[in-house]
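Novice: Mind looking over this structure? Questions follow.
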Number of protein chains: 2
Amino acid sequence: MSGTVKDHIDYAYELDLAIKPESSVPIINREYGVFSGPGVPLFSIGGGYFRHALQQILVNFHSRRGYLVVETPLIASSELFKLSGHMDFYKSNMYILNIEDREFVLKPMNCPYHLLIFLNHIARFRSKVKLPFKIFEIGRVHRFEPSGSLYGLLRVRGFTQDDAHIITFESDTLNVILNVFDEIKLLLESVFNLPISQDNIRIRLSLSDKNLIGKDFMGTIEEWSSAEDTLEKITSIIAEKYGIKASIGVGEAAFYGPKIDIIMTLKSSSGVKEWQMGTIQFDFNLPRRFKIYDIIREVYGDNRVYIIHRALIGSIERFLGGYLEHYRGRLPLALAPIQVAIIAIKTGDWKVDEVILDKTINIREKLLSNGLRVGLKESTKTSLPGDIRSIESTIKPPIIIYIGAREVRESILTISIFSHKEMKRISKTIKYSSLDEALTELENIIRGEEEGVIKISGFAPRIPADLSHML
Amino acid sequence: MSGTVKDHIDYAYELDLAIKPESSVPIINREYGVFSGPGVPLFSIGGGYFRHALQQILVNFHSRRGYLVVETPLIASSELFKLSGHMDFYKSNMYILNIEDREFVLKPMNCPYHLLIFLNHIARFRSKVKLPFKIFEIGRVHRFEPSGSLYGLLRVRGFTQDDAHIITFESDTLNVILNVFDEIKLLLESVFNLPISQDNIRIRLSLSDKNLIGKDFMGTIEEWSSAEDTLEKITSIIAEKYGIKASIGVGEAAFYGPKIDIIMTLKSSSGVKEWQMGTIQFDFNLPRRFKIYDIIREVYGDNRVYIIHRALIGSIERFLGGYLEHYRGRLPLALAPIQVAIIAIKTGDWKVDEVILDKTINIREKLLSNGLRVGLKESTKTSLPGDIRSIESTIKPPIIIYIGAREVRESILTISIFSHKEMKRISKTIKYSSLDEALTELENIIRGEEEGVIKISGFAPRIPADLSHML
């Protein structure tokens, strides 16, 4: 059982990668932040926008998918984690606080709080609470990791999960889990430009060893059989639907239930790596400890329910690390620190330069008031190559607008948009008769880049900033 | 000096209220959550939506006001708080964690991290960093409070600040602080329906005792004089501009700088209470400890800068407690758990009831897809009064839509909108020829309720949920 203890709901940090990362550690890119202590990434300005934009997307996406959205405390009385069992088998990974004569902990996971909320609701509202009950949180959790095992953004001491728990009747399980796969697909494709195919995703189903149920694997034969049957069915549906590979590991389940892990292949400077991302885990431990089966039977007259933990990307920190490596520091527009850079290419002729600067400032103001993060940089024809090299090796804005003598003369904007699909910039010229007209077309281009986010979240976060100093 | 230690940047928790709360403790309303341990409020589903909606509003509002938005770690190496001085004079209020052979703390405030980010940026981008440098965070902080001093949502052990730090040249200080007052006004009026007048706001200026500068008050005479001159000027401008009262307390400044506190008068079941809300505090301690003066002189050739801490509402938890008392549990539409309740008043005639239910379900689906939090309740003519009493004493949705026999017969919707201004519900009838038409008008009414939020944040959060079980 010792091998399974470490990964209890440990979506974010399972490092059983097929190809272990070697020469390169996904550190925090300095446009996004710095490490302020061992295992403590400090998200600075770029990272702050990434986090806030992604959180707004995740909250609105999940709420549209029927998840109830909560935000639970960061500390908890250790009684709660005694109840859940964590104080027995996970204590060495938990931060303990002694307050007066009581013991508190920094929560290492969100599940006990989510179950408390479910219990509060069902105790008060009884059968008016409908299953599946789906509860989502952007959960900031803390776990002790020995300093030797800290590993860039892959393994830190405080991280953020896109964490949900689903309480569902057995009969709805198949649909519930297929929905989770839809969510993984929607999120990866629409927000992150990571299309699902056999080139970049595989799934791994971890089952019990039937002979050890009741011993190393807790729960009843019936629970395990029905859950594993469903998971096997789902695994083949998913494998066929998306044309991806699936593997099955008998005896590799966690002690508390079987699970499916989603493993992504991402590129990196040291080659291709596999990353543990989302996970879907059954739990036969917590419902017993929180007496969920009992109250559900009392309220609904049927206690055949499952409690499922799931995460779509796992840890925001870890995902950011992997993503920035894969796309070489290029976030999609909705999440990028500077979304649009405006480069004024001055000529030395003050009359022309005045017009150039006037237009760039106009564009900056308009974009800011539309809620975008912009940077304005004054350059010249000679310094332009160096400036571009510098920008493209650091902050990497998805859209760059150039305004120089030619642009002013011909009433055009030269625009360069980074395409994640082609992994290169694509140029575009906007011809205008009034600058307002050009700005409307620019807004349309930006909307186009935000389309995927709007599709799944109902809106695209617009958290404006003038970050010119970072250019 | 001992009297000033407790309130170091302690915007949220200064309890020097003119009228101490007595008979009633602003507890967490059970629609919003429960206490899961002493001083640990667990925001459940209603509270989760309140928090997320408010956070989206605050982030987008501040970003539109020129603040850079970050999200810093919850733990820190104690070295950081040694540097800031907190480990000397604030340690007994801090939660300490021993990890391997290092000491970590749960951050009790955000300032050291904000200054680190400023230093990172100025070290790298030098004079491209423009002052005023304004940095904002929804900061979750933890402070030890003895269990005897815990006090409902007023004094908890983990809370959330709308926290910002501003680094500004002395010459810009007046404008910078007037802008902060604009922000307080905008937020209170546009989001919370709390108009600023002498009936509900006063300000209190806390100055040094000039004879004790260099002793009880750290810093130079020049720093204090210039800062206090500015604050006095601002106090009279503000008092005149808003017609509110101002008081001055000589010798009442914190040891690290003078400050202005914003004190609100809110009603409660036990009468009228004063609440410490926003604060604007100068700090002459941190810039010395973080060598801000030195680097600013090096970069800009002028080191006359101020570091200002500010919060508009202080603590989200505390504000929620006070607000729910003042408005008797009624949040504005943008923040309410259930925004729109739909009541189907069934008649017993199945043909009529089918039409009624069909319409209510249609409306629910449309509102959900527009991103609103709704609840649908089936009632009857006889049970209606009891149902309304129950709804109005618990979840209190800002908008209630009634659909019964008359509404179906006459093609109308009967709508009841709660007005914070008049502290009562106002009825409205929408006459329609197609339900789509009614839904468009309904959306316009909702947009009207969101107007203030859209004005200051550029959008209104739409985090949908079907919370019918809470009705």
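Order determines the names: the first chain of the structure tokens is A, the second B, and so forth; residues in each chain are numbered 1 upward, and ligands are numbered 1 upward as they are shown.
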Give the alpha helix (DSSP H) residues of segment 108-304 of chain A, as assigned by DSSP on the backbone, as an MDAnalysis selection string.
Specialist: chainID A and resid 111:125 173:186 192 221:242 286:289 292:300
Novice: Name the residues of segment 214-463 of chain B that come out as strand (DSSP E) in a backbone DSSP run; write them as number ranges by chain.
Specialist: B: 245-249, 259-268, 271-283, 305-315, 340-346, 373-380, 399-403, 412-419, 424-431
Novice: Please build the interface table for chain A against chain B with a cut-off of 6 Å, listing for each qualifying residue the nearest atom pair and the distance in Å to one decimal; count only C-alpha atoms, order rows by chain and increasing number, and write it as a tab-separated table.
Specialist:
```
residue	atom	partner	partner_atom	distance
A:Leu42	CA	B:Thr72	CA	5.7
A:Phe43	CA	B:Thr72	CA	6.0
A:Ser44	CA	B:Ile117	CA	5.9
A:Ile45	CA	B:Val70	CA	5.6
A:Gly48	CA	B:Val70	CA	4.1
A:Asn60	CA	B:Ile463	CA	5.4
A:Ser63	CA	B:Pro464	CA	5.6
A:Val70	CA	B:Gly48	CA	4.1
A:Glu71	CA	B:Gly48	CA	5.3
A:Thr72	CA	B:Leu42	CA	5.7
A:Pro73	CA	B:Leu42	CA	6.0
A:Ile117	CA	B:Ser44	CA	6.0
A:Lys128	CA	B:His469	CA	4.8
A:Val129	CA	B:His469	CA	5.3
A:Ile463	CA	B:Asn60	CA	5.4
A:Pro464	CA	B:Ser63	CA	5.6
A:His469	CA	B:Lys128	CA	4.8
```
Novice: Could those selected residues go to a file with N, CA and C atoms, as a compact mmCIF listing (two decimals), in the first residue's frame?
Specialist:
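So part03.txt came out as:
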```txt
# COMPACT_ATOMS: atom_id res chain seq x y z
N LEU A 42 6.90 33.10 -7.00
CA LEU A 42 6.23 34.40 -6.85
C LEU A 42 5.81 34.85 -8.23
N PHE A 43 4.50 34.83 -8.50
CA PHE A 43 4.04 35.29 -9.80
C PHE A 43 4.06 36.80 -9.80
N SER A 44 4.88 37.32 -10.65
CA SER A 44 5.02 38.77 -10.73
C SER A 44 3.96 39.29 -11.68
N ILE A 45 4.24 40.36 -12.36
CA ILE A 45 3.17 41.01 -13.11
C ILE A 45 2.65 40.15 -14.27
N GLY A 48 0.83 37.29 -12.87
CA GLY A 48 -0.42 37.71 -12.23
C GLY A 48 -1.55 37.79 -13.23
N ASN A 60 -15.83 30.74 -15.08
CA ASN A 60 -17.00 30.92 -15.93
C ASN A 60 -17.27 29.69 -16.78
N SER A 63 -18.83 27.08 -14.38
CA SER A 63 -20.20 27.42 -13.99
C SER A 63 -21.15 27.15 -15.15
N VAL A 70 -17.09 27.39 -5.61
CA VAL A 70 -16.87 27.81 -4.23
C VAL A 70 -15.44 28.32 -4.05
N GLU A 71 -15.15 28.81 -2.86
CA GLU A 71 -13.78 29.18 -2.52
C GLU A 71 -13.62 28.87 -1.03
N THR A 72 -12.89 27.83 -0.73
CA THR A 72 -12.83 27.35 0.66
C THR A 72 -11.58 27.87 1.37
N PRO A 73 -11.55 27.79 2.70
CA PRO A 73 -10.43 28.35 3.45
C PRO A 73 -9.10 27.64 3.12
N ILE A 117 -19.39 21.05 2.33
CA ILE A 117 -20.40 21.89 1.68
C ILE A 117 -21.55 21.03 1.16
N LYS A 128 -34.11 18.19 -2.37
CA LYS A 128 -34.09 19.27 -3.38
C LYS A 128 -32.70 19.39 -4.02
N VAL A 129 -31.69 18.91 -3.32
CA VAL A 129 -30.34 18.87 -3.91
C VAL A 129 -30.32 17.76 -4.95
N ILE A 463 -8.60 42.33 -18.82
CA ILE A 463 -7.95 42.91 -17.65
C ILE A 463 -6.82 43.80 -18.15
N PRO A 464 -7.14 45.06 -18.41
CA PRO A 464 -6.19 45.90 -19.14
C PRO A 464 -4.98 46.32 -18.31
N HIS A 469 6.73 49.32 -19.99
CA HIS A 469 8.08 49.20 -19.41
C HIS A 469 8.69 47.82 -19.61
```
Novice: Could you name the residues that touch Arg288 of chain A at 12 Å or less, counting only C-alpha atoms, but leaving out those on the same chain fewer than 6 positions away, as a list in words?
Specialist: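 Residues near the query, excluding close chain neighbours: Leu83, Ser84, Gly85, Leu115, Met218, Gly219, Thr220, Tyr256, Asp294, Ile295, Ile296, Asn303, Val305, Tyr306 and Ile307 of chain A.
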Novice: Let's have the selection written as an mmCIF file, in the first residue's frame, with N, CA, C and O atoms.
Specialist:
```
data_model
loop_
_atom_site.group_PDB
_atom_site.id
_atom_site.type_symbol
_atom_site.label_atom_id
_atom_site.label_comp_id
_atom_site.auth_asym_id
_atom_site.auth_seq_id
_atom_site.Cartn_x
_atom_site.Cartn_y
_atom_site.Cartn_z
ATOM 1 N N LEU A 83 -10.874 13.373 10.210
ATOM 2 C CA LEU A 83 -12.094 12.751 9.711
ATOM 3 C C LEU A 83 -11.853 12.133 8.333
ATOM 4 O O LEU A 83 -12.281 11.018 8.043
ATOM 5 N N SER A 84 -11.145 12.867 7.485
ATOM 6 C CA SER A 84 -10.915 12.372 6.119
ATOM 7 C C SER A 84 -9.871 11.261 6.091
ATOM 8 O O SER A 84 -9.714 10.589 5.082
ATOM 9 N N GLY A 85 -9.130 11.114 7.180
ATOM 10 C CA GLY A 85 -8.087 10.093 7.215
ATOM 11 C C GLY A 85 -6.698 10.617 6.876
ATOM 12 O O GLY A 85 -5.698 9.935 7.091
ATOM 13 N N LEU A 115 -16.778 18.224 0.502
ATOM 14 C CA LEU A 115 -17.762 17.294 1.064
ATOM 15 C C LEU A 115 -18.548 17.952 2.193
ATOM 16 O O LEU A 115 -19.748 17.712 2.344
ATOM 17 N N MET A 218 -9.456 -0.581 -0.541
ATOM 18 C CA MET A 218 -10.592 -0.531 0.364
ATOM 19 C C MET A 218 -11.926 -0.441 -0.370
ATOM 20 O O MET A 218 -11.984 0.038 -1.492
ATOM 21 N N GLY A 219 -12.984 -0.919 0.274
ATOM 22 C CA GLY A 219 -14.302 -0.897 -0.345
ATOM 23 C C GLY A 219 -14.758 -2.316 -0.647
ATOM 24 O O GLY A 219 -14.089 -3.282 -0.293
ATOM 25 N N THR A 220 -15.919 -2.397 -1.312
ATOM 26 C CA THR A 220 -16.488 -3.722 -1.580
ATOM 27 C C THR A 220 -16.223 -4.134 -3.024
ATOM 28 O O THR A 220 -15.977 -3.293 -3.890
ATOM 29 N N TYR A 256 -7.902 3.850 -2.623
ATOM 30 C CA TYR A 256 -9.273 4.293 -2.374
ATOM 31 C C TYR A 256 -10.157 4.202 -3.610
ATOM 32 O O TYR A 256 -11.354 4.472 -3.529
ATOM 33 N N ASP A 294 -24.673 7.008 3.954
ATOM 34 C CA ASP A 294 -25.808 6.941 4.873
ATOM 35 C C ASP A 294 -26.821 8.052 4.595
ATOM 36 O O ASP A 294 -28.008 7.811 4.493
ATOM 37 N N ILE A 295 -26.319 9.277 4.461
ATOM 38 C CA ILE A 295 -27.254 10.383 4.277
ATOM 39 C C ILE A 295 -27.923 10.288 2.911
ATOM 40 O O ILE A 295 -29.104 10.614 2.751
ATOM 41 N N ILE A 296 -27.178 9.802 1.927
ATOM 42 C CA ILE A 296 -27.774 9.681 0.589
ATOM 43 C C ILE A 296 -28.884 8.631 0.588
ATOM 44 O O ILE A 296 -29.942 8.826 -0.001
ATOM 45 N N ASN A 303 -28.447 4.388 -2.190
ATOM 46 C CA ASN A 303 -27.119 4.909 -1.846
ATOM 47 C C ASN A 303 -26.029 4.503 -2.826
ATOM 48 O O ASN A 303 -24.852 4.624 -2.519
ATOM 49 N N VAL A 305 -24.006 5.593 -4.995
ATOM 50 C CA VAL A 305 -23.420 6.814 -5.566
ATOM 51 C C VAL A 305 -21.908 6.660 -5.617
ATOM 52 O O VAL A 305 -21.336 5.841 -4.903
ATOM 53 N N TYR A 306 -21.289 7.467 -6.460
ATOM 54 C CA TYR A 306 -19.832 7.541 -6.495
ATOM 55 C C TYR A 306 -19.385 8.965 -6.188
ATOM 56 O O TYR A 306 -20.070 9.926 -6.544
ATOM 57 N N ILE A 307 -18.245 9.049 -5.545
ATOM 58 C CA ILE A 307 -17.594 10.344 -5.385
ATOM 59 C C ILE A 307 -16.379 10.337 -6.291
ATOM 60 O O ILE A 307 -15.550 9.423 -6.221
#
```
Novice: Atom CA of Ser247 of chain A and atom CA of Pro195 of chain A are how many Å apart?
Specialist: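 So the answer is 20.4 Å.
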Novice: Pick out the residues sitting within 7 Å of segment 343-350 of chain B, and hand them over as a PyMOL selection string; count only C-alpha atoms, and ignore anything fewer than 4 positions along from it in its own chain.
Specialist: chain B and resi 354+356-357+360+376-381+401-405
Novice: Residues within 12 Å of Ile201 of chain B, please, as a list in words. Count only C-alpha atoms; anything in the same chain fewer than 5 positions from it doesn't count.
Specialist: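 Returned residues: Phe181, Ile184, Lys185, Leu188, Leu194, Pro195, Ile196, Ile238, Ala239, Tyr242, Gly243, Ile244, Lys245, Ala246, Ser247, Asp261, Ile262, Ile263, Met264, Thr265, Leu266, Lys273, Glu274, Trp275, Gln276, Met277 and Gly278 of chain B.
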Novice: Could you write out that same residue set with N, CA, C and O atoms as an mmCIF file, in the first residue's frame?
Specialist:
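The result, written out as selection-v1.cif:
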```
data_model
loop_
_atom_site.group_PDB
_atom_site.id
_atom_site.type_symbol
_atom_site.label_atom_id
_atom_site.label_comp_id
_atom_site.auth_asym_id
_atom_site.auth_seq_id
_atom_site.Cartn_x
_atom_site.Cartn_y
_atom_site.Cartn_z
ATOM 1 N N PHE B 181 -9.583 58.244 -3.347
ATOM 2 C CA PHE B 181 -10.928 58.608 -2.869
ATOM 3 C C PHE B 181 -11.974 58.436 -3.962
ATOM 4 O O PHE B 181 -13.090 57.977 -3.694
ATOM 5 N N ILE B 184 -12.850 54.837 -3.948
ATOM 6 C CA ILE B 184 -13.743 54.454 -2.843
ATOM 7 C C ILE B 184 -15.179 54.826 -3.196
ATOM 8 O O ILE B 184 -16.113 54.026 -3.072
ATOM 9 N N LYS B 185 -15.343 56.056 -3.671
ATOM 10 C CA LYS B 185 -16.676 56.528 -4.046
ATOM 11 C C LYS B 185 -17.276 55.657 -5.162
ATOM 12 O O LYS B 185 -18.426 55.209 -5.061
ATOM 13 N N LEU B 188 -18.130 52.054 -3.746
ATOM 14 C CA LEU B 188 -19.258 52.008 -2.806
ATOM 15 C C LEU B 188 -20.569 52.357 -3.489
ATOM 16 O O LEU B 188 -21.592 51.708 -3.268
ATOM 17 N N LEU B 194 -24.086 52.306 -1.844
ATOM 18 C CA LEU B 194 -23.828 53.050 -0.611
ATOM 19 C C LEU B 194 -23.335 54.442 -0.989
ATOM 20 O O LEU B 194 -22.138 54.680 -1.105
ATOM 21 N N PRO B 195 -24.262 55.384 -1.225
ATOM 22 C CA PRO B 195 -23.838 56.720 -1.630
ATOM 23 C C PRO B 195 -23.064 57.400 -0.506
ATOM 24 O O PRO B 195 -23.356 57.211 0.672
ATOM 25 N N ILE B 196 -22.060 58.164 -0.888
ATOM 26 C CA ILE B 196 -21.220 58.835 0.104
ATOM 27 C C ILE B 196 -21.880 60.136 0.530
ATOM 28 O O ILE B 196 -22.164 61.004 -0.289
ATOM 29 N N ILE B 238 -11.407 66.715 0.549
ATOM 30 C CA ILE B 238 -12.382 65.613 0.580
ATOM 31 C C ILE B 238 -13.612 65.995 1.406
ATOM 32 O O ILE B 238 -14.756 65.765 1.002
ATOM 33 N N ALA B 239 -13.354 66.582 2.567
ATOM 34 C CA ALA B 239 -14.469 66.966 3.445
ATOM 35 C C ALA B 239 -15.402 67.922 2.723
ATOM 36 O O ALA B 239 -16.631 67.795 2.777
ATOM 37 N N TYR B 242 -17.167 66.134 -0.627
ATOM 38 C CA TYR B 242 -18.243 65.178 -0.361
ATOM 39 C C TYR B 242 -19.164 65.629 0.767
ATOM 40 O O TYR B 242 -20.103 64.927 1.119
ATOM 41 N N GLY B 243 -18.868 66.786 1.360
ATOM 42 C CA GLY B 243 -19.692 67.252 2.468
ATOM 43 C C GLY B 243 -19.673 66.300 3.658
ATOM 44 O O GLY B 243 -20.706 66.050 4.291
ATOM 45 N N ILE B 244 -18.508 65.758 3.948
ATOM 46 C CA ILE B 244 -18.446 64.798 5.066
ATOM 47 C C ILE B 244 -17.555 65.352 6.176
ATOM 48 O O ILE B 244 -16.793 66.293 5.974
ATOM 49 N N LYS B 245 -17.675 64.772 7.348
ATOM 50 C CA LYS B 245 -16.916 65.247 8.500
ATOM 51 C C LYS B 245 -15.532 64.621 8.546
ATOM 52 O O LYS B 245 -15.333 63.479 8.166
ATOM 53 N N ALA B 246 -14.585 65.417 9.054
ATOM 54 C CA ALA B 246 -13.219 64.916 9.202
ATOM 55 C C ALA B 246 -12.742 65.247 10.606
ATOM 56 O O ALA B 246 -13.036 66.317 11.139
ATOM 57 N N SER B 247 -12.016 64.318 11.191
ATOM 58 C CA SER B 247 -11.404 64.606 12.488
ATOM 59 C C SER B 247 -9.903 64.380 12.385
ATOM 60 O O SER B 247 -9.437 63.642 11.513
ATOM 61 N N ASP B 261 -8.159 57.218 7.665
ATOM 62 C CA ASP B 261 -9.070 56.083 7.686
ATOM 63 C C ASP B 261 -10.456 56.528 7.250
ATOM 64 O O ASP B 261 -10.875 57.654 7.535
ATOM 65 N N ILE B 262 -11.131 55.640 6.577
ATOM 66 C CA ILE B 262 -12.495 55.919 6.132
ATOM 67 C C ILE B 262 -13.439 55.118 7.034
ATOM 68 O O ILE B 262 -13.338 53.893 7.118
ATOM 69 N N ILE B 263 -14.339 55.809 7.678
ATOM 70 C CA ILE B 263 -15.228 55.147 8.628
ATOM 71 C C ILE B 263 -16.655 55.261 8.126
ATOM 72 O O ILE B 263 -17.151 56.351 7.841
ATOM 73 N N MET B 264 -17.309 54.111 7.993
ATOM 74 C CA MET B 264 -18.674 54.096 7.474
ATOM 75 C C MET B 264 -19.665 53.828 8.578
ATOM 76 O O MET B 264 -19.397 53.051 9.496
ATOM 77 N N THR B 265 -20.798 54.443 8.474
ATOM 78 C CA THR B 265 -21.891 54.167 9.396
ATOM 79 C C THR B 265 -22.867 53.235 8.699
ATOM 80 O O THR B 265 -23.385 53.556 7.639
ATOM 81 N N LEU B 266 -23.058 52.085 9.290
ATOM 82 C CA LEU B 266 -24.006 51.143 8.716
ATOM 83 C C LEU B 266 -25.039 50.793 9.775
ATOM 84 O O LEU B 266 -24.738 50.774 10.967
ATOM 85 N N LYS B 273 -23.924 51.413 13.630
ATOM 86 C CA LYS B 273 -22.550 51.132 14.011
ATOM 87 C C LYS B 273 -21.602 51.805 13.056
ATOM 88 O O LYS B 273 -21.907 51.968 11.881
ATOM 89 N N GLU B 274 -20.419 52.101 13.552
ATOM 90 C CA GLU B 274 -19.378 52.607 12.669
ATOM 91 C C GLU B 274 -18.410 51.482 12.342
ATOM 92 O O GLU B 274 -18.049 50.682 13.202
ATOM 93 N N TRP B 275 -18.013 51.441 11.090
ATOM 94 C CA TRP B 275 -17.122 50.396 10.610
ATOM 95 C C TRP B 275 -15.903 51.041 9.966
ATOM 96 O O TRP B 275 -16.029 51.903 9.106
ATOM 97 N N GLN B 276 -14.749 50.567 10.372
ATOM 98 C CA GLN B 276 -13.516 50.961 9.695
ATOM 99 C C GLN B 276 -13.475 50.258 8.346
ATOM 100 O O GLN B 276 -13.507 49.037 8.286
ATOM 101 N N MET B 277 -13.445 51.033 7.258
ATOM 102 C CA MET B 277 -13.416 50.420 5.922
ATOM 103 C C MET B 277 -12.059 50.669 5.288
ATOM 104 O O MET B 277 -11.074 50.128 5.702
ATOM 105 N N GLY B 278 -12.036 51.583 4.326
ATOM 106 C CA GLY B 278 -10.801 51.845 3.617
ATOM 107 C C GLY B 278 -9.768 52.550 4.482
ATOM 108 O O GLY B 278 -10.073 53.081 5.551
#
```
Novice: As a PyMOL selection string, please: the residues near Leu231 of chain B (cut-off 12 Å, only C-alpha atoms, same-chain neighbours under 2 positions excluded).
Specialist: chain B and resi 170+173-178+203-208+224-229+233-239+246+248+253+257-261+280-282+308
Novice: Rounded to one decimal place, report the atom CA of Ile415 of chain A-atom CA of Leu367 of chain A distance in Å.
Specialist: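 Going from atom CA of Ile415 of chain A over to atom CA of Leu367 of chain A covers 14.3 Å.
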Novice: Mind pulling up the distance from atom CA of Ile400 of chain B to atom CA of Gly375 of chain B?
Specialist: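 Interatomic distance, atom CA of Gly375 of chain B to atom CA of Ile400 of chain B: 9.5 Å.
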Novice: Point out the residue among A:Ile454, A:Met109, A:Ile399, A:Leu286 with the least atom-to-atom distance to Ile342 of chain A, counting only C-alpha atoms.
Specialist: A:Ile399
